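Q: This is input_23.tsv (TSV, C-alpha atoms).
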chain	number	residue	atom	x	y	z
K	1	MET	CA	40.23	-0.07	-7.73
K	2	ASN	CA	40.72	-3.40	-5.95
K	3	PRO	CA	39.50	-6.08	-8.40
K	4	HIS	CA	38.35	-8.27	-5.50
K	5	LEU	CA	35.85	-5.58	-4.47
K	6	THR	CA	34.31	-5.52	-7.95
K	7	SER	CA	34.17	-9.28	-8.50
K	8	PRO	CA	30.76	-10.58	-9.63
K	9	ARG	CA	30.31	-12.65	-6.48
K	10	LEU	CA	30.92	-9.74	-4.11
K	11	LEU	CA	28.74	-7.46	-6.22
K	12	ALA	CA	26.01	-10.11	-6.07
K	13	LEU	CA	26.32	-10.28	-2.29
K	14	ALA	CA	26.18	-6.50	-1.98
K	15	GLY	CA	23.17	-6.44	-4.28
K	16	THR	CA	21.39	-8.98	-2.09
K	17	VAL	CA	21.92	-6.83	1.00
K	18	VAL	CA	20.59	-3.70	-0.73
K	19	LEU	CA	17.61	-5.50	-2.31
K	20	TRP	CA	16.48	-7.20	0.90
K	21	ALA	CA	17.01	-4.00	2.89
K	22	SER	CA	15.01	-1.93	0.38
K	23	ALA	CA	12.06	-4.29	0.71
K	24	PHE	CA	11.08	-2.86	4.09
K	25	PRO	CA	10.40	0.73	2.92
K	26	ALA	CA	8.87	-0.59	-0.32
K	27	ILE	CA	6.35	-2.52	1.77
K	28	ARG	CA	5.36	0.69	3.54
K	29	VAL	CA	4.69	2.32	0.16
K	30	GLY	CA	2.81	-0.64	-1.28
K	31	VAL	CA	0.60	-1.42	1.69
K	32	VAL	CA	-0.73	2.14	1.85
K	33	GLY	CA	-1.95	2.09	-1.75
K	34	LEU	CA	-2.89	-1.58	-2.17
K	35	GLY	CA	-3.79	-2.81	1.27
K	36	LEU	CA	-2.60	-5.88	3.11
K	37	ALA	CA	-4.18	-8.60	0.96
K	38	ALA	CA	-3.34	-7.23	-2.46
K	39	LEU	CA	0.28	-6.41	-1.67
K	40	SER	CA	0.83	-9.85	-0.13
K	41	PHE	CA	-0.62	-11.70	-3.12
K	42	LEU	CA	0.94	-9.53	-5.83
K	43	ARG	CA	4.45	-9.81	-4.40
K	44	LEU	CA	4.21	-13.59	-4.19
K	45	ALA	CA	2.61	-13.96	-7.62
K	46	VAL	CA	5.13	-11.72	-9.39
K	47	ALA	CA	8.07	-13.49	-7.72
K	48	ALA	CA	6.68	-16.96	-8.47
K	49	LEU	CA	6.08	-16.08	-12.12
K	50	ALA	CA	9.60	-14.67	-12.49
K	51	LEU	CA	11.16	-17.75	-10.90
K	52	LEU	CA	9.09	-20.07	-13.10
K	53	VAL	CA	10.31	-18.20	-16.19
K	54	ILE	CA	13.98	-18.62	-15.27
K	55	ALA	CA	13.59	-22.15	-13.88
K	56	PRO	CA	14.36	-24.00	-17.16
K	57	PHE	CA	17.48	-21.89	-17.76
K	58	ALA	CA	18.70	-22.27	-14.16
K	59	GLY	CA	18.38	-26.05	-14.13
K	60	VAL	CA	15.56	-26.13	-11.58
K	61	ARG	CA	14.27	-29.71	-11.26
K	62	LEU	CA	10.78	-30.88	-10.42
K	63	PRO	CA	10.52	-31.80	-6.72
K	64	ARG	CA	10.04	-35.36	-5.53
K	65	LYS	CA	6.48	-36.22	-4.44
K	66	ARG	CA	7.64	-37.23	-0.97
K	67	ASP	CA	9.04	-33.73	-0.43
K	68	LEU	CA	5.78	-31.94	-1.24
K	69	PRO	CA	4.50	-31.78	2.38
K	70	LEU	CA	7.71	-30.08	3.52
K	71	ILE	CA	7.62	-27.75	0.52
K	72	CYS	CA	4.04	-26.83	1.40
K	73	LEU	CA	5.12	-26.06	4.97
K	74	CYS	CA	7.89	-23.82	3.64
K	75	GLY	CA	5.48	-22.04	1.30
K	76	LEU	CA	2.82	-21.56	3.96
K	77	THR	CA	5.18	-20.23	6.62
K	78	GLY	CA	8.09	-18.53	4.86
K	79	MET	CA	6.09	-17.07	1.99
K	80	THR	CA	2.34	-16.70	2.64
K	81	ALA	CA	2.27	-16.21	6.42
K	82	TYR	CA	5.49	-14.17	6.42
K	83	GLN	CA	4.26	-11.76	3.75
K	84	VAL	CA	0.85	-11.27	5.37
K	85	LEU	CA	2.26	-10.77	8.88
K	86	LEU	CA	5.09	-8.46	7.83
K	87	ASN	CA	2.83	-6.36	5.61
K	88	TRP	CA	0.23	-6.16	8.38
K	89	GLY	CA	2.84	-5.13	10.92
K	90	GLU	CA	4.32	-2.45	8.67
K	91	ILE	CA	0.97	-0.68	8.48
K	92	HIS	CA	1.82	0.64	11.95
K	93	VAL	CA	5.51	-0.17	12.49
K	94	GLU	CA	8.16	1.87	10.67
K	95	ALA	CA	10.20	0.07	8.02
K	96	GLY	CA	13.51	0.40	9.84
K	97	THR	CA	12.03	-0.87	13.10
K	98	ALA	CA	10.51	-3.84	11.27
K	99	SER	CA	13.91	-4.77	9.82
K	100	LEU	CA	15.42	-4.78	13.31
K	101	LEU	CA	12.66	-7.05	14.63
K	102	ILE	CA	12.89	-9.44	11.66
K	103	ALA	CA	16.64	-9.81	12.28
K	104	ILE	CA	15.81	-12.08	15.22
K	105	ALA	CA	14.42	-14.83	12.95
K	106	PRO	CA	17.63	-16.94	13.19
K	107	VAL	CA	17.03	-17.37	16.92
K	108	PHE	CA	13.77	-19.25	16.33
K	109	SER	CA	15.18	-21.43	13.56
K	110	VAL	CA	18.22	-22.61	15.54
K	111	LEU	CA	16.07	-23.31	18.60
K	112	LEU	CA	13.66	-25.35	16.45
K	113	ALA	CA	16.61	-27.21	14.93
K	114	GLY	CA	17.86	-27.98	18.41
K	115	VAL	CA	14.50	-29.42	19.47
K	116	PHE	CA	13.41	-31.26	16.31
K	117	LEU	CA	16.65	-31.93	14.39
K	118	SER	CA	18.79	-32.73	17.44
K	119	GLU	CA	21.29	-30.01	16.58
K	120	PRO	CA	23.40	-29.21	19.65
K	121	LEU	CA	22.33	-26.16	21.63
K	122	THR	CA	25.83	-24.90	22.38
K	123	ARG	CA	26.76	-22.11	24.77
K	124	ASN	CA	26.98	-19.73	21.84
K	125	VAL	CA	23.46	-20.65	20.68
K	126	VAL	CA	21.93	-20.24	24.14
K	127	ALA	CA	23.83	-17.07	24.98
K	128	GLY	CA	23.25	-15.59	21.52
K	129	SER	CA	19.53	-16.33	21.75
K	130	VAL	CA	19.26	-14.57	25.10
K	131	VAL	CA	21.21	-11.57	23.81
K	132	ALA	CA	19.13	-11.33	20.62
K	133	LEU	CA	15.86	-11.58	22.54
K	134	ALA	CA	17.03	-8.87	24.93
K	135	GLY	CA	17.87	-6.62	21.99
K	136	THR	CA	14.45	-7.25	20.49
K	137	ALA	CA	12.81	-6.25	23.77
K	138	VAL	CA	14.74	-2.97	23.67
K	139	VAL	CA	13.59	-2.29	20.09
K	140	THR	CA	9.99	-3.10	20.92
K	141	LEU	CA	9.92	-0.91	24.04
K	142	ALA	CA	12.18	1.87	22.73
K	143	GLU	CA	9.43	4.44	23.21
K	144	GLY	CA	8.27	3.04	26.54
K	145	PHE	CA	5.39	0.71	27.32
K	146	ALA	CA	3.03	3.28	25.82
K	147	GLY	CA	4.73	2.76	22.46
K	148	PHE	CA	4.32	-1.02	22.58
K	149	SER	CA	1.71	-2.16	20.11
K	150	LEU	CA	0.07	-5.23	18.65
K	151	ALA	CA	1.84	-4.39	15.38
K	152	SER	CA	5.21	-5.06	17.02
K	153	LEU	CA	4.00	-8.51	18.04
K	154	VAL	CA	2.76	-9.11	14.49
K	155	VAL	CA	6.22	-8.30	13.08
K	156	LEU	CA	7.77	-10.61	15.68
K	157	ALA	CA	5.32	-13.30	14.53
K	158	ALA	CA	6.65	-12.74	11.00
K	159	ALA	CA	10.14	-13.37	12.35
K	160	VAL	CA	8.90	-16.59	13.97
K	161	VAL	CA	7.38	-17.98	10.75
K	162	GLN	CA	10.50	-17.01	8.84
K	163	GLY	CA	12.48	-18.97	11.40
K	164	VAL	CA	10.16	-21.93	10.81
K	165	TYR	CA	10.78	-21.62	7.06
K	166	HIS	CA	14.56	-21.77	7.49
K	167	PHE	CA	14.24	-24.73	9.86
K	168	ALA	CA	11.84	-26.59	7.54
K	169	SER	CA	13.93	-25.89	4.44
K	170	LYS	CA	17.08	-27.45	5.88
K	171	PRO	CA	16.14	-31.08	5.05
K	172	LEU	CA	15.21	-29.98	1.52
K	173	LEU	CA	18.60	-28.34	1.04
K	174	ARG	CA	20.24	-31.74	1.31
K	175	HIS	CA	18.70	-32.67	-2.05
K	176	TYR	CA	17.99	-29.36	-3.82
K	177	SER	CA	19.81	-26.11	-4.45
K	178	GLY	CA	18.87	-22.93	-2.62
K	179	LEU	CA	17.28	-21.56	-5.81
K	180	GLU	CA	15.18	-24.70	-6.22
K	181	VAL	CA	13.91	-24.59	-2.64
K	182	ALA	CA	13.10	-20.88	-2.96
K	183	SER	CA	11.25	-21.51	-6.24
K	184	TYR	CA	9.21	-24.39	-4.83
K	185	ALA	CA	8.32	-22.42	-1.70
K	186	MET	CA	7.40	-19.29	-3.66
K	187	VAL	CA	5.03	-21.19	-5.94
K	188	ALA	CA	3.48	-23.03	-2.99
K	189	GLY	CA	3.12	-19.76	-1.10
K	190	THR	CA	1.31	-18.20	-4.04
K	191	VAL	CA	-1.13	-21.12	-4.15
K	192	PHE	CA	-1.85	-20.74	-0.43
K	193	ALA	CA	-2.42	-17.00	-1.00
K	194	LEU	CA	-5.10	-17.59	-3.69
K	195	PRO	CA	-7.94	-16.73	-1.24
K	196	LEU	CA	-6.56	-13.17	-1.36
K	197	LEU	CA	-7.10	-12.95	-5.14
K	198	PRO	CA	-10.61	-11.41	-5.08
K	199	MET	CA	-9.47	-8.64	-2.74
K	200	THR	CA	-6.41	-8.14	-4.92
K	201	VAL	CA	-8.48	-7.64	-8.07
K	202	ALA	CA	-10.67	-5.10	-6.29
K	203	ALA	CA	-7.68	-3.21	-4.88
K	204	VAL	CA	-5.69	-3.09	-8.13
K	205	THR	CA	-8.45	-1.27	-10.03
K	206	ASP	CA	-8.10	1.83	-7.82
K	207	ALA	CA	-4.48	1.51	-6.71
K	208	PRO	CA	-2.05	4.37	-7.37
K	209	ALA	CA	0.81	3.72	-9.76
K	210	GLY	CA	3.39	4.06	-6.98
K	211	ALA	CA	1.83	1.25	-4.97
K	212	LEU	CA	1.63	-1.04	-8.01
K	213	GLY	CA	5.23	-0.23	-8.81
K	214	ALA	CA	6.22	-1.10	-5.25
K	215	ALA	CA	4.48	-4.49	-5.53
K	216	VAL	CA	6.21	-5.32	-8.82
K	217	PHE	CA	9.53	-4.11	-7.40
K	218	LEU	CA	9.11	-6.35	-4.34
K	219	GLY	CA	8.25	-9.38	-6.43
K	220	LEU	CA	10.91	-9.00	-9.12
K	221	LEU	CA	13.84	-7.63	-7.14
K	222	PRO	CA	13.95	-8.45	-3.39
K	223	SER	CA	12.05	-11.74	-3.82
K	224	ALA	CA	13.01	-13.23	-7.21
K	225	LEU	CA	16.32	-11.57	-8.11
K	226	GLY	CA	17.39	-11.44	-4.47
K	227	PHE	CA	17.20	-15.22	-4.14
K	228	VAL	CA	18.97	-15.78	-7.47
K	229	ILE	CA	21.97	-13.56	-6.77
K	230	TRP	CA	22.11	-14.75	-3.16
K	231	GLY	CA	22.50	-18.33	-4.40
K	232	TYR	CA	25.13	-17.21	-6.93
K	233	ALA	CA	27.19	-15.41	-4.28
K	234	VAL	CA	26.99	-18.05	-1.56
K	235	ALA	CA	27.95	-20.83	-3.96
K	236	ARG	CA	31.19	-18.97	-4.73
K	237	LEU	CA	32.15	-17.41	-1.39
K	238	PRO	CA	33.05	-18.82	2.03
K	239	MET	CA	29.85	-19.18	4.01
K	240	ALA	CA	31.25	-17.15	6.89
K	241	ALA	CA	31.77	-14.15	4.59
K	242	SER	CA	28.34	-14.31	2.98
K	243	THR	CA	26.52	-14.79	6.29
K	244	ALA	CA	28.41	-11.92	7.91
K	245	ALA	CA	27.51	-9.62	5.03
K	246	LEU	CA	23.80	-10.18	5.63
K	247	TYR	CA	24.13	-8.70	9.10
K	248	LEU	CA	24.23	-5.43	7.16
K	249	VAL	CA	20.57	-5.77	6.10
K	250	PRO	CA	19.06	-4.01	9.17
K	251	PRO	CA	21.42	-0.98	9.13
K	252	VAL	CA	21.05	-0.62	5.34
K	253	ALA	CA	17.26	-0.85	5.74
K	254	LEU	CA	17.41	1.96	8.31
K	255	LEU	CA	19.41	4.10	5.88
K	256	VAL	CA	17.12	3.38	2.91
K	257	SER	CA	14.05	4.05	5.05
K	258	PHE	CA	15.48	7.39	6.13
K	259	VAL	CA	16.28	8.45	2.55
K	260	TRP	CA	13.09	7.06	0.97
K	261	LEU	CA	10.51	7.68	3.68
K	262	GLY	CA	12.20	10.15	6.02
K	263	GLU	CA	11.92	7.71	8.94
K	264	ALA	CA	14.40	8.51	11.71
K	265	PRO	CA	14.84	5.60	14.14
K	266	HIS	CA	14.73	6.11	17.91
K	267	PRO	CA	18.26	5.89	19.43
K	268	LEU	CA	17.13	3.01	21.66
K	269	GLU	CA	15.90	1.15	18.56
K	270	LEU	CA	19.39	1.42	17.09
K	271	LEU	CA	20.91	0.15	20.32
K	272	GLY	CA	18.47	-2.74	20.55
K	273	GLY	CA	19.01	-3.61	16.90
K	274	ALA	CA	22.76	-3.70	17.41
K	275	VAL	CA	22.31	-5.98	20.43
K	276	SER	CA	20.01	-8.31	18.44
K	277	VAL	CA	22.48	-8.54	15.55
K	278	ALA	CA	25.28	-9.22	18.04
K	279	GLY	CA	23.23	-12.10	19.41
K	280	VAL	CA	22.71	-13.54	15.93
K	281	VAL	CA	26.43	-13.21	15.22
K	282	LEU	CA	27.15	-15.11	18.45
K	283	ILE	CA	24.71	-17.87	17.48
K	284	ASN	CA	26.52	-18.35	14.16
K	285	ARG	CA	30.01	-18.14	15.59
K	286	ARG	CA	32.12	-21.16	14.69
K	287	LYS	CA	35.29	-22.58	16.17
K	288	PRO	CA	38.28	-22.25	13.81
K	289	ALA	CA	38.36	-25.18	11.40
K	290	ALA	CA	41.10	-27.73	12.01
K	291	ALA	CA	43.99	-27.86	9.58
K	292	GLY	CA	43.30	-30.03	6.60
K	293	THR	CA	39.52	-29.72	6.70
K	294	ARG	CA	37.62	-28.64	3.64
K	295	SER	CA	37.07	-24.92	3.24
K	296	ASP	CA	33.61	-23.40	3.33
K	297	ALA	CA	34.23	-22.15	-0.17
K	298	ALA	CA	34.02	-25.69	-1.47
K	299	ALA	CA	30.50	-26.25	-0.18
K	300	PRO	CA	28.14	-26.86	-3.12
K	301	GLU	CA	24.93	-25.79	-1.41
K	302	PRO	CA	24.06	-22.07	-1.52
K	303	VAL	CA	22.65	-22.14	2.01
K	304	ALA	CA	24.60	-22.59	5.22
K	305	PRO	CA	23.89	-25.38	7.68
K	306	ARG	CA	22.24	-22.67	9.75
K	307	ALA	CA	20.29	-21.28	6.84
K	308	ALA	CA	18.46	-19.15	9.40
K	309	ALA	CA	21.12	-16.49	9.32
K	310	ARG	CA	19.35	-14.77	6.50
K	311	PRO	CA	17.33	-11.75	7.52
K	312	SER	CA	15.47	-11.56	4.26
K	313	ALA	CA	12.49	-9.27	3.81
Show the structure stored in the file as structure tokens.
A:
Amino acid sequence: MNPHLTSPRLLALAGTVVLWASAFPAIRVGVVGLGLAALSFLRLAVAALALLVIAPFAGVRLPRKRDLPLICLCGLTGMTAYQVLLNWGEIHVEAGTASLLIAIAPVFSVLLAGVFLSEPLTRNVVAGSVVALAGTAVVTLAEGFAGFSLASLVVLAAAVVQGVYHFASKPLLRHYSGLEVASYAMVAGTVFALPLLPMTVAAVTDAPAGALGAAVFLGLLPSALGFVIWGYAVARLPMAASTAALYLVPPVALLVSFVWLGEAPHPLELLGGAVSVAGVVLINRRKPAAAGTRSDAAAPEPVAPRAAARPSA
């Protein structure tokens, strides 16, 4: 067996893809037994607790006071709002379809960066955004206008707030590691989700074991472990390779959803998803680096300059 294919960094990257893809069907299982509020709070709380436990061993520093407003924005959008919107949407939208819609999140983050951070809106960014949006329209209307629902818009709203999270986290990533930013945001998101605690307590008392297991799985694996091994892999691989690997999240989510839940995607959904991913690839396309420039592999931060290219669940 090729030793490069079994290296810890590539295994970590593959694990990230599988974990984030498996989150979509796990949400479908958890939301049925726990409800929207309880699943949202439990996933955040479990992930935050796990990250707090490992924080001293992973060298996570306390954030600076001046960064707290931006951390709160990241927690409110990328954690609390994202969880609530995605869980709400998946009550009616199939897991595989949701993964295809969420894949468009990078479009919103790069557009926000262009407006507020003065990042250049190149031809690739504009063209890729148009292509990705067109693919999303195909996914949303795959079953005709009669199949269009409010739930699809809710999932798209989840993609928007995830895009805001990636945009807002970029200034933080100049001073903190990807794991630190994820930990800060997860804890902040849990605090913002505290109003859901009473409903969570009521739901847990009667929840089936499978739904509780899904909530713990989502918190420990896709959320907590997923961020840890993602940071490990990206810190040791060229950014182009790690980013490209995450384009596999939607197709893997479709496969896992089919095996776990028996969900068979509509052919037009597959086509639209492929178009959306192609648009995201185009947005992240780079010109070949000039000779003598530093390789991506030497970058210390575990998140790319366009951190938006992460279709996490």
Q: Could you pull the residues within 9 Å of Gly163 (chain K), counting only C-alpha atoms, minus those fewer than 6 positions along the same chain, as a VMD selection string?
A: chain K and resid 77 to 78 104 to 110 112 308
Q: Can you work out the spacing between CA of Leu212 (chain K) and CA of Val259 (chain K) in Å, to one decimal?
A: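 Computed distance, CA of Leu212 (chain K) to CA of Val259 (chain K), equals 20.4 Å.
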Q: Of the candidates K:Ala48, K:Ser7, K:Leu13, K:Val31, which shows the shortest atom-to-atom distance to Ala207 (chain K), using all atoms listed in the file?
A: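 Among the listed residues, K:Val31 lies closest to Ala207 (chain K).
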Q: How many Å lie between CA of Leu10 (chain K) and CA of Val281 (chain K), rounded to one decimal?
A: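 Separating CA of Leu10 (chain K) from CA of Val281 (chain K) is a distance of 20.1 Å.
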Q: State, in Å with one decimal place, the distance from CA of Leu76 (chain K) to CA of Phe192 (chain K).
A: 6.5 Å
